[in-house]
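Down below is the structure, laid out as structure tokens.
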Amino acid sequence: MPMSTLLVRNAELLVSMDGREIEGGGMFIRDGWIENVDHSLDIPAIADEIVDLSGHLVLPGLVNTHHHLYQTLTRAFPGAQDVGLFEWLRTLYPVWARMTPDHVRTATRLGLVELARSGATTVFDHQYLWPNGSRLDDQIEGADGLNVRFHVSRGSMSLGESQGGLPPDSVVEDEGAIRTDTLRAISEYHDTERGAMRRVVVAPCSPFTVTPELMRDSAAIARETGVRLHTHLAETEDEEEFCLENFGHRPVAYMETLDWIGPDVWYAHSVHVGDDEVARMGAAGTGIAHCPTSNMRLASGIAPIGPYIAAGVSVGLGVDGSASNDCSNLLAEARQALLLNRLAVSPGIGAGRQMTARQALELATSGGARVLGRDDIGILAPGFAADFIAIDLNRVEFAGALHDPAAAAVLCAPTRVDHSWVGGRPLIQNGEVVGVDTGLLVERHNMLARDLAG
Ligand SMILES: [Zn+2]
């Protein structure tokens with residue numbers, strides 16, 4: 001590939017997320033990497049391609065740190081709309097058990113398109129059940145041709161109902177087969193390079209769906225191969241009771257007994273934790289995926305984000321699966337994080353320390369990058385990948401809010417981005433994902449969702 005240069009300029013406001021906010025900002029990009037970020041007059045004026053972003057807010061691409069893309073097939077599912085986590089899962093497991101490789105491929109693609117339209121440029125997905133011959137390869141295929149950085153997981157469940165776990169035996173796997181396929185997925189798809197488009201994560205589902213042996217084995221595999229570890233943890237009170245009853249520990253302490261804490265680990269949710277547990281997670285360098293909408297939707301509780309940040313825990317945002325959020329909009333999730341935090345700070349966590357719009361954007365960008373272990377995305381600075389989004393400020397939702405365009409992106413109605421680039425190549429142009437016939441995709445996805453509901 002020949003070297004190519006891209007110049008974007010004249011942004012109304014460019015927010016780098018490393019402390020700079022530049023009116024009339026621009027970037028000079030070579031071969032997908034940022035070389036200059038500055039006022040448009042102070043960067044090179046000639047490039048192979050020049051894009052004028054007058055009237056647009058420019059931000060780093062957003063990073064989603066927790067999702068279950070297959071759940072786009074079971075949004076607003078009757079019987080799972082008004083219940084807590086365990087009943088929600090018991091309702092949906094038998095439906096998900098009918099998924100085929102085609103369901104996995106199509107749902108992956110649909111969810112990635114929806115997230116990209118909301119500003120996501122990097123997506124982690126936590127897939128933990130593989131019925132009817134579906135494989136991680138189906139997700140890779142579903143993302144084919146989409147210019148999104150995609151971190152897939154070889155997730156798993158092995159503790160079925162007959163062994164005291166929550167899921168029916170029909171959706172759990174043999175632990176030997178999980179190990180073999182996990183090693184295969186890592187060797188086939190994990191890219192360690194800076195600028196990687198595909199990475200693999202080892203991600204057993206949760207304490208109530210996986211045996212302690214599989215948790216330990218997963219940690220060993222991840223450390224042998226140098227990939228990251230992820231699981232759901234301390235999401236609900238039901239889970240806490242399960243851990244105390246079955247393992248004699250609260251969730252965080254249980255993970256510590258399994259070597260499942262450290263800078264290569266991040267948990268989803270982590271709502272039900274005490275001050276000492278927050279401190280231990282911070283000292284270990286463990287991260288969390290904060291999923292405020294899902295926590296509200298399932299009435300799980302409010303994660304203590306202020307204390308996490310104060311303790312040095314890396315915090316990113318996750319829209320979580322689309323059966324417990326029903327939408328995959330990452331800008332909307334930043335707004336939810338801000339609003340939910342305002343409820344949490346009063347009275348327990350410290351009045352006057354409300355999460356700001358810029359802090360919410362930080363969680364959605366550089367925070368998420370840290371959680372995924374990436375030092376090449378999440379901010380706009382020389383040496384970083386050219387992953388960025390542009391939002392046209394001239395729209396109904398932002399009218400009257402242009403005193404502060406960066407805050408408007410979080411405080412005003414959640415919107416879609418107009419353009420985005422990943423590695424200097426377009427992902428979204430004029431609001432649509434490049435190379436995708438959205439109408440056809442929605443039609444096929446709806447057909448498969450109907451078929452799954454039975
Ligand atoms: Zn989840």
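We label chains A, B, ... in the order they appear in the structure tokens, count residues from 1 in each chain, and number ligands from 1 in the order shown.
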- Message: Using only C-alpha atoms, which protein or nucleic acid residues come within 8 Å of segment 106-115 of chain A? Drop anything in the same chain fewer than 6 positions from it, and give the result as a list in words.
- Response: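 Within the cut-off, the hits are Leu69, Tyr70, Gln71, Thr72, Leu73, Val123, Gln139, Gly142, Ala143, Val148, Ser328, Asn329, Leu330, Val433, Leu441, Val442, Arg444 and His445 of chain A.
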- Item | Backbone DSSP call of strand (DSSP E or B) for segment 230-439 of chain A, listed as a count of residues only | 34
- Would you list, as number ranges by chain, the residues of segment 226-375 of chain A that end up in helix (DSSP H, G or I) under DSSP run on this structure's backbone? A: 237-247, 251-257, 275-284, 292-297, 305-311, 330-349, 357-371
- Query: Which is closer to Thr257 of chain A than all the others in A:Leu89, A:Leu166, A:Met215, A:Leu13, using only C-alpha atoms?
  - Reply: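 The shortest atom-to-atom distance to Thr257 of chain A comes from A:Met215.
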Distance table requested - chain A against ligand 1, cut-off 6 Å, only C-alpha atoms and all ligand atoms: one row per qualifying residue with the closest atom pair and its distance in Å to one decimal, ordered by chain and rising residue number, as CSV.
```
residue,atom,partner,partner_atom_place_in_ligand_line,distance
A:His67,CA,ligand 1,1 (Zn),6.0
A:Asp320,CA,ligand 1,1 (Zn),5.0
A:Gly321,CA,ligand 1,1 (Zn),5.6
```
Since we have the selection now, will you write its residues out, keeping N, CA and C atoms, as a compact mmCIF listing (two decimals), in the first residue's frame?
```
# COMPACT_ATOMS: atom_id res chain seq x y z
N HIS A 67 -20.69 -5.61 25.37
CA HIS A 67 -21.88 -5.79 24.55
C HIS A 67 -22.12 -7.28 24.37
N ASP A 320 -23.94 -2.67 26.89
CA ASP A 320 -24.38 -4.00 27.28
C ASP A 320 -25.25 -4.59 26.17
N GLY A 321 -25.64 -5.83 26.37
CA GLY A 321 -26.42 -6.52 25.33
C GLY A 321 -27.72 -5.81 25.03
```
- Message: As an exercise, work out the distance from atom CA of Gly61 of chain A to atom CA of Gly316 of chain A in Å and give it to one decimal place.
- Response: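 Between atom CA of Gly61 of chain A and atom CA of Gly316 of chain A the gap is 13.2 Å.
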Residues of segment 83-137 of chain A within 12 Å of segment 201-209 of chain A: nearest atom pair and distance (Å, one decimal) for each, counting only C-alpha atoms, sorted by chain and number, as JSON lines?
```
{"residue": "A:Leu85", "atom": "CA", "partner": "A:Phe208", "partner_atom": "CA", "distance": 11.8}
{"residue": "A:Phe86", "atom": "CA", "partner": "A:Phe208", "partner_atom": "CA", "distance": 10.0}
{"residue": "A:Leu89", "atom": "CA", "partner": "A:Thr209", "partner_atom": "CA", "distance": 11.1}
{"residue": "A:Tyr93", "atom": "CA", "partner": "A:Thr209", "partner_atom": "CA", "distance": 11.8}
{"residue": "A:Phe124", "atom": "CA", "partner": "A:Val201", "partner_atom": "CA", "distance": 8.8}
{"residue": "A:Asp125", "atom": "CA", "partner": "A:Val201", "partner_atom": "CA", "distance": 9.1}
{"residue": "A:His126", "atom": "CA", "partner": "A:Ala203", "partner_atom": "CA", "distance": 6.8}
{"residue": "A:Gln127", "atom": "CA", "partner": "A:Ala203", "partner_atom": "CA", "distance": 8.1}
{"residue": "A:Tyr128", "atom": "CA", "partner": "A:Cys205", "partner_atom": "CA", "distance": 5.8}
{"residue": "A:Leu129", "atom": "CA", "partner": "A:Cys205", "partner_atom": "CA", "distance": 8.7}
{"residue": "A:Leu136", "atom": "CA", "partner": "A:Val201", "partner_atom": "CA", "distance": 11.2}
```
